[in-house]
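Engineer: Coordinates in start36.txt, compact mmCIF, C-alpha atoms, are listed below.
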```txt
# COMPACT_ATOMS: atom_id res chain seq x y z
CA MET A 1 176.15 80.54 177.67
CA SER A 2 176.79 83.73 179.61
CA VAL A 3 177.32 85.77 176.45
CA LEU A 4 173.76 85.24 175.34
CA GLU A 5 172.43 86.35 178.69
CA THR A 6 173.90 89.87 178.55
CA HIS A 7 171.43 92.58 177.61
CA PRO A 8 171.07 96.31 178.29
CA SER A 9 169.07 97.49 181.26
CA VAL A 10 165.52 98.70 180.81
CA SER A 11 166.48 102.33 181.43
CA ALA A 12 169.37 102.12 178.96
CA MET A 13 167.11 100.56 176.35
CA ARG A 14 164.50 103.27 176.93
CA ARG A 15 167.08 106.03 176.42
CA ARG A 16 168.36 104.31 173.29
CA VAL A 17 164.87 104.05 171.81
CA ILE A 18 164.08 107.71 172.52
CA ALA A 19 167.42 108.88 171.08
CA ILE A 20 167.07 106.91 167.85
CA VAL A 21 163.42 107.89 167.35
CA LEU A 22 164.26 111.57 167.85
CA LEU A 23 167.22 111.26 165.48
CA ALA A 24 165.07 109.69 162.77
CA TRP A 25 161.79 111.63 163.12
CA LEU A 26 162.27 114.99 164.84
CA PRO A 27 164.64 116.55 162.23
CA LEU A 28 162.10 115.68 159.53
CA LEU A 29 159.45 117.66 161.40
CA LEU A 30 161.71 120.66 162.02
CA LEU A 31 163.13 120.80 158.48
CA SER A 32 159.66 120.42 156.97
CA ALA A 33 158.44 123.28 159.19
CA LEU A 34 161.29 125.53 158.04
CA ASP A 35 160.43 124.62 154.44
CA GLY A 36 156.71 125.33 154.96
CA LYS A 37 155.67 121.76 154.19
CA VAL A 38 154.45 120.48 157.53
CA TRP A 39 150.72 120.68 156.86
CA GLY A 40 150.28 122.10 153.36
CA GLY A 41 152.07 123.70 150.44
CA VAL A 42 152.59 120.39 148.62
CA ASP A 43 150.55 117.40 147.48
CA ALA A 44 151.85 115.29 150.38
CA ALA A 45 152.75 117.31 153.50
CA PHE A 46 154.77 115.87 156.38
CA LEU A 47 152.01 115.57 158.99
CA THR A 48 149.69 113.83 156.54
CA ASP A 49 152.31 111.20 155.64
CA LEU A 50 150.99 108.41 157.86
CA GLU A 51 153.55 105.95 156.56
CA VAL A 52 156.44 108.01 157.93
CA HIS A 53 154.92 108.44 161.39
CA ILE A 54 153.99 104.77 161.74
CA ARG A 55 157.44 103.76 160.55
CA PHE A 56 159.46 105.95 162.92
CA LEU A 57 157.15 106.33 165.92
CA LEU A 58 155.92 102.72 166.08
CA ALA A 59 157.99 100.30 163.97
CA VAL A 60 161.43 101.60 164.98
CA PRO A 61 160.72 101.44 168.76
CA LEU A 62 159.34 97.92 168.33
CA LEU A 63 162.43 96.81 166.40
CA LEU A 64 164.67 98.16 169.16
CA LEU A 65 162.64 96.89 172.12
CA ALA A 66 162.44 93.43 170.53
CA GLU A 67 166.21 93.04 171.00
CA GLY A 68 166.00 93.02 174.78
CA VAL A 69 162.97 90.72 174.84
CA VAL A 70 164.56 88.18 172.50
CA ARG A 71 167.83 88.07 174.43
CA ARG A 72 166.08 87.59 177.75
CA ARG A 73 163.88 84.77 176.43
CA LEU A 74 166.30 82.85 174.21
CA ALA A 75 169.07 82.44 176.79
CA PRO A 76 166.98 80.32 179.23
CA LEU A 77 165.44 78.50 176.28
CA LEU A 78 168.85 77.29 175.13
CA GLN A 79 169.68 76.38 178.72
CA GLN A 80 166.79 73.89 178.64
CA PHE A 81 168.80 71.60 176.36
CA LEU A 82 171.17 71.14 179.32
CA VAL A 83 168.64 71.26 182.15
CA ARG A 84 166.49 68.56 180.55
CA ARG A 85 169.54 66.44 179.71
CA LEU A 86 168.62 66.28 176.06
CA LEU A 87 172.28 66.34 175.04
CA PRO A 88 174.68 63.40 175.37
CA GLU A 89 177.56 64.24 177.70
CA ALA A 90 180.06 64.06 174.86
CA SER A 91 178.09 66.65 172.84
CA ILE A 92 177.89 69.36 175.52
CA PRO A 93 181.24 71.05 174.63
CA GLY A 94 180.21 71.21 170.97
CA PHE A 95 176.84 72.67 171.96
CA GLU A 96 178.44 75.38 174.11
CA SER A 97 180.93 76.16 171.34
CA ALA A 98 178.08 76.59 168.83
CA VAL A 99 176.26 78.95 171.21
CA ALA A 100 179.40 81.04 171.75
CA THR A 101 180.00 81.25 167.99
CA ALA A 102 176.39 82.34 167.44
CA SER A 103 176.84 85.09 170.03
CA ARG A 104 179.93 86.40 168.24
CA LEU A 105 178.24 86.29 164.84
CA ARG A 106 175.15 88.03 166.20
CA ASP A 107 177.18 91.04 167.36
CA SER A 108 179.82 90.95 164.61
CA LYS A 109 181.06 94.45 163.73
CA LEU A 110 182.09 93.25 160.27
CA ALA A 111 178.60 91.94 159.57
CA GLN A 112 177.07 95.25 160.65
CA ALA A 113 179.50 97.17 158.44
CA VAL A 114 178.48 95.03 155.46
CA LEU A 115 174.82 95.69 156.26
CA LEU A 116 175.47 99.46 156.23
CA VAL A 117 177.12 99.17 152.83
CA ILE A 118 174.06 97.29 151.54
CA VAL A 119 171.71 99.90 153.03
CA TYR A 120 173.40 102.89 151.43
CA GLY A 121 174.49 101.16 148.24
CA VAL A 122 171.26 99.30 147.43
CA GLY A 123 168.50 100.29 149.84
CA ILE A 124 168.94 104.06 149.44
CA GLY A 125 171.10 104.45 146.34
CA VAL A 126 168.97 102.24 144.12
CA VAL A 127 165.65 101.14 145.63
CA TRP A 128 164.52 104.35 147.33
CA ARG A 129 165.87 106.92 144.83
CA HIS A 130 164.48 105.08 141.81
CA TYR A 131 161.34 103.41 143.17
CA GLY A 132 160.46 104.97 146.53
CA VAL A 133 160.20 108.67 145.68
CA LEU A 134 156.79 109.84 144.51
CA ASP A 135 156.44 111.87 141.32
CA ALA A 136 154.16 114.38 143.09
CA ALA A 137 155.38 117.33 145.14
CA THR A 138 156.04 116.05 148.65
CA TRP A 139 157.64 117.27 151.86
CA TYR A 140 160.83 115.40 150.93
CA ALA A 141 161.13 115.91 147.14
CA THR A 142 160.07 118.38 144.46
CA PRO A 143 159.66 117.25 140.83
CA SER A 144 161.25 119.32 138.09
CA ALA A 145 162.22 119.07 134.43
CA GLU A 146 165.64 117.73 135.43
CA GLY A 147 164.16 115.17 137.79
CA ARG A 148 163.30 115.11 141.47
CA THR A 149 165.10 117.42 143.85
CA LEU A 150 165.30 116.48 147.50
CA THR A 151 164.30 119.09 150.06
CA PRO A 152 166.41 119.58 153.23
CA ALA A 153 164.01 117.22 155.00
CA GLY A 154 164.36 114.79 152.09
CA LEU A 155 168.15 114.81 152.39
CA TRP A 156 167.88 113.86 156.07
CA TYR A 157 165.16 111.34 155.25
CA GLY A 158 167.29 109.55 152.65
CA GLY A 159 170.62 110.01 154.40
CA VAL A 160 169.73 109.23 158.03
CA SER A 161 166.12 108.25 158.78
CA LEU A 162 165.46 105.58 156.16
CA PRO A 163 168.90 103.98 156.58
CA ILE A 164 168.14 103.55 160.30
CA VAL A 165 165.00 101.54 159.53
CA GLN A 166 166.63 99.51 156.78
CA PHE A 167 169.69 98.78 158.92
CA LEU A 168 167.57 97.64 161.88
CA LEU A 169 165.57 95.34 159.60
CA LEU A 170 168.62 93.86 157.89
CA ARG A 171 170.33 93.39 161.23
CA TRP A 172 167.30 91.45 162.45
CA TYR A 173 167.37 89.25 159.36
CA TRP A 174 171.07 88.63 159.96
CA ARG A 175 170.36 87.65 163.56
CA MET A 176 167.53 85.39 162.46
CA ALA A 177 169.95 83.69 160.05
CA VAL A 178 172.45 83.21 162.91
CA TRP A 179 169.67 81.77 165.11
CA ALA A 180 168.58 79.40 162.33
CA ARG A 181 172.18 78.25 161.89
CA LEU A 182 172.47 77.57 165.63
CA LEU A 183 169.26 75.52 165.70
CA TRP A 184 170.45 73.55 162.67
CA GLN A 185 173.74 72.78 164.45
CA ILE A 186 171.85 71.63 167.56
CA SER A 187 169.57 69.46 165.43
CA ARG A 188 172.68 67.65 164.11
CA ILE A 189 173.39 66.43 167.65
CA PRO A 190 171.71 63.07 168.47
CA LEU A 191 169.28 64.40 171.07
CA ARG A 192 167.88 62.17 173.81
CA LEU A 193 164.22 62.65 172.89
CA LEU A 194 161.41 60.81 174.67
CA ALA A 195 158.46 59.69 172.59
CA ALA A 196 156.34 59.34 175.76
CA HIS A 197 157.13 62.83 177.06
CA PRO A 198 153.87 64.45 178.23
CA ASP A 199 154.50 67.62 176.21
CA ARG A 200 153.90 65.46 173.09
CA PHE A 201 156.94 67.00 171.41
CA GLY A 202 159.51 64.48 172.58
CA GLY A 203 160.70 66.88 175.29
CA LEU A 204 161.14 69.86 172.92
CA GLY A 205 157.88 71.54 173.92
CA PHE A 206 159.84 74.42 175.49
CA LEU A 207 160.68 75.63 171.96
CA ALA A 208 157.13 77.00 171.81
CA SER A 209 158.36 80.01 173.78
CA VAL A 210 160.18 81.12 170.63
CA GLY A 211 156.85 82.45 169.37
CA TYR A 212 156.48 84.68 172.43
CA ALA A 213 160.09 85.88 172.20
CA TYR A 214 159.55 87.33 168.74
CA THR A 215 156.12 88.94 169.19
CA LEU A 216 157.52 92.49 169.20
CA LEU A 217 159.47 91.78 166.02
CA ALA A 218 156.27 90.44 164.47
CA ALA A 219 154.42 93.60 165.53
CA ALA A 220 157.16 95.72 163.94
CA HIS A 221 156.65 93.94 160.62
CA GLY A 222 152.92 94.51 160.93
CA ALA A 223 153.51 98.22 161.58
CA LEU A 224 155.82 98.54 158.56
CA ALA A 225 153.11 96.96 156.42
CA ALA A 226 150.31 99.04 157.99
CA GLY A 227 151.96 102.36 157.08
CA PRO A 228 151.74 102.08 153.28
CA ILE A 229 148.29 100.49 153.53
CA ALA A 230 147.00 103.38 155.67
CA SER A 231 148.37 105.95 153.22
CA ARG A 232 146.65 104.31 150.28
CA ILE A 233 143.37 104.00 152.17
CA PHE A 234 143.23 107.63 153.28
CA PHE A 235 144.78 109.32 150.24
CA ALA A 236 144.32 107.00 147.26
CA GLY A 237 140.75 105.78 147.82
CA ALA A 238 141.71 102.16 148.47
CA THR A 239 139.98 99.91 150.99
CA LEU A 240 141.44 97.48 153.49
CA THR A 241 140.02 94.51 151.58
CA ASP A 242 142.24 95.43 148.63
CA PHE A 243 145.29 94.40 150.64
CA GLY A 244 144.24 90.92 151.75
CA SER A 245 147.06 89.19 149.88
CA GLN A 246 149.69 91.63 151.18
CA ILE A 247 148.51 91.18 154.77
CA ALA A 248 148.52 87.40 154.41
CA GLY A 249 151.99 87.64 152.88
CA ILE A 250 153.47 89.59 155.79
CA VAL A 251 151.96 87.13 158.29
CA LEU A 252 153.41 84.22 156.32
CA LEU A 253 156.81 85.95 156.18
CA VAL A 254 156.89 86.38 159.96
CA LEU A 255 155.83 82.78 160.59
CA CYS A 256 158.50 81.47 158.22
CA LEU A 257 161.21 83.66 159.77
CA VAL A 258 160.45 82.65 163.35
CA LEU A 259 159.08 79.12 163.08
CA GLY A 260 160.80 77.86 159.94
CA PRO A 261 164.13 77.12 161.71
CA LEU A 262 162.33 74.89 164.23
CA LEU A 263 161.52 72.43 161.46
CA CYS A 264 165.14 71.29 161.44
CA PHE A 265 164.22 69.14 164.46
CA THR A 266 161.58 67.26 162.45
CA PRO A 267 163.83 64.35 161.36
CA GLN A 268 164.84 63.56 164.95
CA LEU A 269 161.28 63.93 166.22
CA ALA A 270 159.99 61.64 163.48
CA ALA A 271 162.66 59.06 164.27
CA ALA A 272 161.91 59.26 168.00
CA LYS A 273 158.20 58.78 167.38
CA GLN A 274 158.78 55.79 165.12
CA ALA A 275 161.09 54.19 167.67
CA GLY A 276 158.59 54.93 170.43
CA LEU A 277 155.72 53.37 168.51
CA LEU A 278 157.70 50.19 168.00
CA ALA A 279 159.02 50.01 171.57
CA TYR A 280 155.75 50.81 173.34
CA GLY A 281 153.85 48.66 170.87
CA ALA A 282 155.98 45.67 171.85
CA LEU A 283 155.66 46.52 175.54
CA ALA A 284 151.88 46.82 175.22
CA GLU A 285 151.77 43.48 173.43
CA ARG A 286 153.61 41.72 176.26
CA HIS A 287 151.59 43.44 178.93
CA VAL A 288 148.21 42.69 177.33
CA ARG A 289 149.11 39.02 176.82
CA SER A 290 150.16 38.74 180.46
CA PHE A 291 146.98 40.53 181.53
CA GLU A 292 144.74 38.20 179.52
CA ALA A 293 146.62 35.12 180.68
CA LYS A 294 146.10 36.08 184.29
CA TRP A 295 142.58 37.52 184.25
CA LEU A 296 140.76 35.94 181.32
CA ARG A 297 142.17 32.49 180.81
CA ASP A 298 142.41 31.62 184.50
CA ALA A 299 139.69 31.92 187.12
CA VAL A 300 138.36 35.46 187.34
CA PRO A 301 138.54 36.88 190.90
CA ALA A 302 135.76 38.70 192.59
CA GLU A 303 134.74 42.07 191.22
CA GLY A 304 136.11 43.99 194.18
CA ASP A 305 139.52 42.35 193.85
CA LEU A 306 139.60 43.07 190.13
CA LEU A 307 138.83 46.81 190.50
CA GLY A 308 141.55 47.23 193.11
CA SER A 309 144.15 45.21 191.23
CA PRO A 310 147.47 46.92 190.42
CA ASP A 311 147.49 44.95 187.16
CA VAL A 312 144.40 46.81 185.96
CA SER A 313 145.92 50.12 187.04
CA SER A 314 149.11 49.44 185.13
CA GLN A 315 147.06 48.49 182.07
CA ALA A 316 145.37 51.89 182.16
CA ASP A 317 148.68 53.69 182.71
CA LEU A 318 150.23 51.89 179.77
CA GLY A 319 147.27 52.80 177.59
CA THR A 320 147.69 56.46 178.50
CA THR A 321 151.39 56.33 177.71
CA CYS A 322 150.77 54.69 174.33
CA GLU A 323 148.20 57.39 173.57
CA VAL A 324 150.87 60.05 174.24
CA VAL A 325 153.30 58.29 171.90
CA HIS A 326 150.69 58.02 169.13
CA SER A 327 149.78 61.71 169.45
CA MET A 328 153.39 62.92 169.53
CA SER A 329 154.03 65.68 166.97
CA ILE A 330 156.97 65.40 164.59
CA THR A 331 157.37 69.21 164.49
CA PRO A 332 157.78 71.60 167.44
CA LEU A 333 154.90 73.69 166.08
CA SER A 334 151.46 74.12 167.61
CA PRO A 335 148.61 76.65 167.61
CA GLN A 336 150.09 77.98 170.86
CA VAL A 337 153.17 79.01 168.84
CA VAL A 338 151.48 80.24 165.68
CA LEU A 339 148.67 82.25 167.27
CA PRO A 340 150.74 84.80 169.25
CA LEU A 341 152.89 85.61 166.22
CA THR A 342 149.88 85.98 163.93
CA MET A 343 148.02 88.22 166.37
CA ALA A 344 151.11 90.35 167.01
CA THR A 345 151.62 90.86 163.27
CA LEU A 346 148.01 91.85 162.72
CA ALA A 347 147.72 94.08 165.82
CA PRO A 348 149.10 97.29 164.18
CA MET A 349 146.58 96.84 161.36
CA LEU A 350 143.51 96.48 163.59
CA PRO A 351 142.77 100.26 163.67
CA LEU A 352 142.46 100.12 159.88
CA VAL A 353 139.41 97.87 160.31
CA LEU A 354 137.54 101.01 161.36
CA THR A 355 137.95 102.35 157.82
CA LEU A 356 135.49 99.68 156.67
CA ILE A 357 132.77 101.36 158.74
CA PRO A 358 131.19 104.54 157.27
CA LEU A 359 132.08 107.62 159.31
CA ASN A 360 128.47 108.45 160.26
CA GLN A 361 127.91 104.91 161.56
CA LEU A 362 131.19 104.96 163.47
CA LEU A 363 130.37 108.29 165.12
CA GLY A 364 126.89 107.03 165.98
CA LYS A 365 128.30 103.94 167.68
CA LEU A 366 130.88 105.98 169.59
CA LEU A 367 128.23 108.44 170.76
CA GLY A 368 126.00 105.53 171.75
CA ILE A 369 128.78 104.06 173.87
CA GLY A 370 129.41 107.45 175.50
CA LEU A 371 125.77 107.91 176.35
```
As structure tokens, how would this structure be written, given the file I've shared?

Structural biologist:
Amino acid sequence: MSVLETHPSVSAMRRRVIAIVLLAWLPLLLLSALDGKVWGGVDAAFLTDLEVHIRFLLAVPLLLLAEGVVRRRLAPLLQQFLVRRLLPEASIPGFESAVATASRLRDSKLAQAVLLVIVYGVGIGVVWRHYGVLDAATWYATPSAEGRTLTPAGLWYGGVSLPIVQFLLLRWYWRMAVWARLLWQISRIPLRLLAAHPDRFGGLGFLASVGYAYTLLAAAHGALAAGPIASRIFFAGATLTDFGSQIAGIVLLVLCLVLGPLLCFTPQLAAAKQAGLLAYGALAERHVRSFEAKWLRDAVPAEGDLLGSPDVSSQADLGTTCEVVHSMSITPLSPQVVLPLTMATLAPMLPLVLTLIPLNQLLGKLLGIGL
């Protein structure tokens, strides 16, 4: 378990974020300035390319910072399987072996090398060069009779900056696949779930913290989606309402990535609930029959004795327990898990809501607040 708990310090992570952001964004600014395409000179100048700035100044830092947050939150979460004694003693070595294997796969150098090959071979060599470059004159490419010619900034953009974003994204998807595999392996272990557990998830309620662990990753996806939307709103005459399906799609993607793997516990939760309903139903049957035999079929004691009777108290306690069993969820999902991820994904897009308000009305409201 100790492997999962290692993570860089805050200062080291901060330096790493600054270094990678400067490597991806600053050369684009300098090369565009040397080429005279920072503010004008072409149809799409560098400083007016909102998609680039949102991608490298917001999405990339979020993708990097999310690594430390996820590592810090997932390690104690996995520890809960041991702390809560959800695992049979005989299954603990297998559990620890699965966690160690997941740690090695997560940081595999071979996997990262394969991802780099995919980035440069497919992401840049095919997708970006054939579908991502605009036909208009831009800060990164100039159209000609022979085709599009990349500017010095465009060469850095396609050779360094974009591969950084694509690699970070693919590495996150790889790590999400490793995490899903680990959860599936844990779900194959016969867990000691409790249908009457007060969290109403059989004792797996702690898995809800997964939603909080991945909020920065969700925000990064929202930022990557907000960039192209902002460009089309400000420079192509589109409105935010035109992108309702795309926004819903990115939210659904994030929810499936983060919460989908938790559904592998559904069969065990369903079985635990069914067993609990039968067991507590039988117990309630015996208890109610004993209660009626004592208090209804025999002589009824005085009211004061009845209200203070431990039999009545136990009847109420049993009713509460049965209510918990009946309301037990067969999935570890709840609004408390879904809501943080949804809000984090939508957060980078919230400023775009202002584009739905006419400029004169917006200025009037801002002036009104100031006065």

Engineer: Please check which residues have atoms at most 10 Å from (161.7, 104.0, 164.9) in the file's coordinates, counting all atoms listed in the file, and write them as number ranges by chain.

Structural biologist: A: 17-25, 52-64, 161-162, 164-165, 168, 220

Engineer: How far is it from atom CA of A:Ala66 to atom CA of A:Leu240, in Å with one decimal?

Structural biologist: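 If I compute the distance from atom CA of A:Ala66 to atom CA of A:Leu240, I get 27.3 Å.
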
Engineer: Please report the interatomic distance between atom CA of A:Arg200 and atom CA of A:Ala270 in Å with one decimal.

Structural biologist: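 Taking atom CA of A:Arg200 as the start and atom CA of A:Ala270 as the end point, the length is 12.0 Å.
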
Engineer: Report as a PyMOL selection string all protein, DNA and RNA residues lying within 12 Å of A:Gln246, evaluated on only C-alpha atoms, omitting residues in the same chain fewer than 3 positions from it.

Structural biologist: chain A and resi 221-222+224-226+228-229+240-243+249-253+346+349

Engineer: Take the residues from that selection and put them in a file with C-alpha atoms, as a PDB file, in the frame of the given file.

Structural biologist:
```
ATOM      1  CA  HIS A 221     156.650  93.940 160.620  1.00  0.00           C
ATOM      2  CA  GLY A 222     152.920  94.510 160.930  1.00  0.00           C
ATOM      3  CA  LEU A 224     155.820  98.540 158.560  1.00  0.00           C
ATOM      4  CA  ALA A 225     153.110  96.960 156.420  1.00  0.00           C
ATOM      5  CA  ALA A 226     150.310  99.040 157.990  1.00  0.00           C
ATOM      6  CA  PRO A 228     151.740 102.080 153.280  1.00  0.00           C
ATOM      7  CA  ILE A 229     148.290 100.490 153.530  1.00  0.00           C
ATOM      8  CA  LEU A 240     141.440  97.480 153.490  1.00  0.00           C
ATOM      9  CA  THR A 241     140.020  94.510 151.580  1.00  0.00           C
ATOM     10  CA  ASP A 242     142.240  95.430 148.630  1.00  0.00           C
ATOM     11  CA  PHE A 243     145.290  94.400 150.640  1.00  0.00           C
ATOM     12  CA  GLY A 249     151.990  87.640 152.880  1.00  0.00           C
ATOM     13  CA  ILE A 250     153.470  89.590 155.790  1.00  0.00           C
ATOM     14  CA  VAL A 251     151.960  87.130 158.290  1.00  0.00           C
ATOM     15  CA  LEU A 252     153.410  84.220 156.320  1.00  0.00           C
ATOM     16  CA  LEU A 253     156.810  85.950 156.180  1.00  0.00           C
ATOM     17  CA  LEU A 346     148.010  91.850 162.720  1.00  0.00           C
ATOM     18  CA  MET A 349     146.580  96.840 161.360  1.00  0.00           C
TER      19      MET A 349
END
```

Engineer: Tell me which of A:Gly121, A:Gly41, A:Gly227, A:Pro190 sits closest to A:Trp139, counting only C-alpha atoms.

Structural biologist: A:Gly41
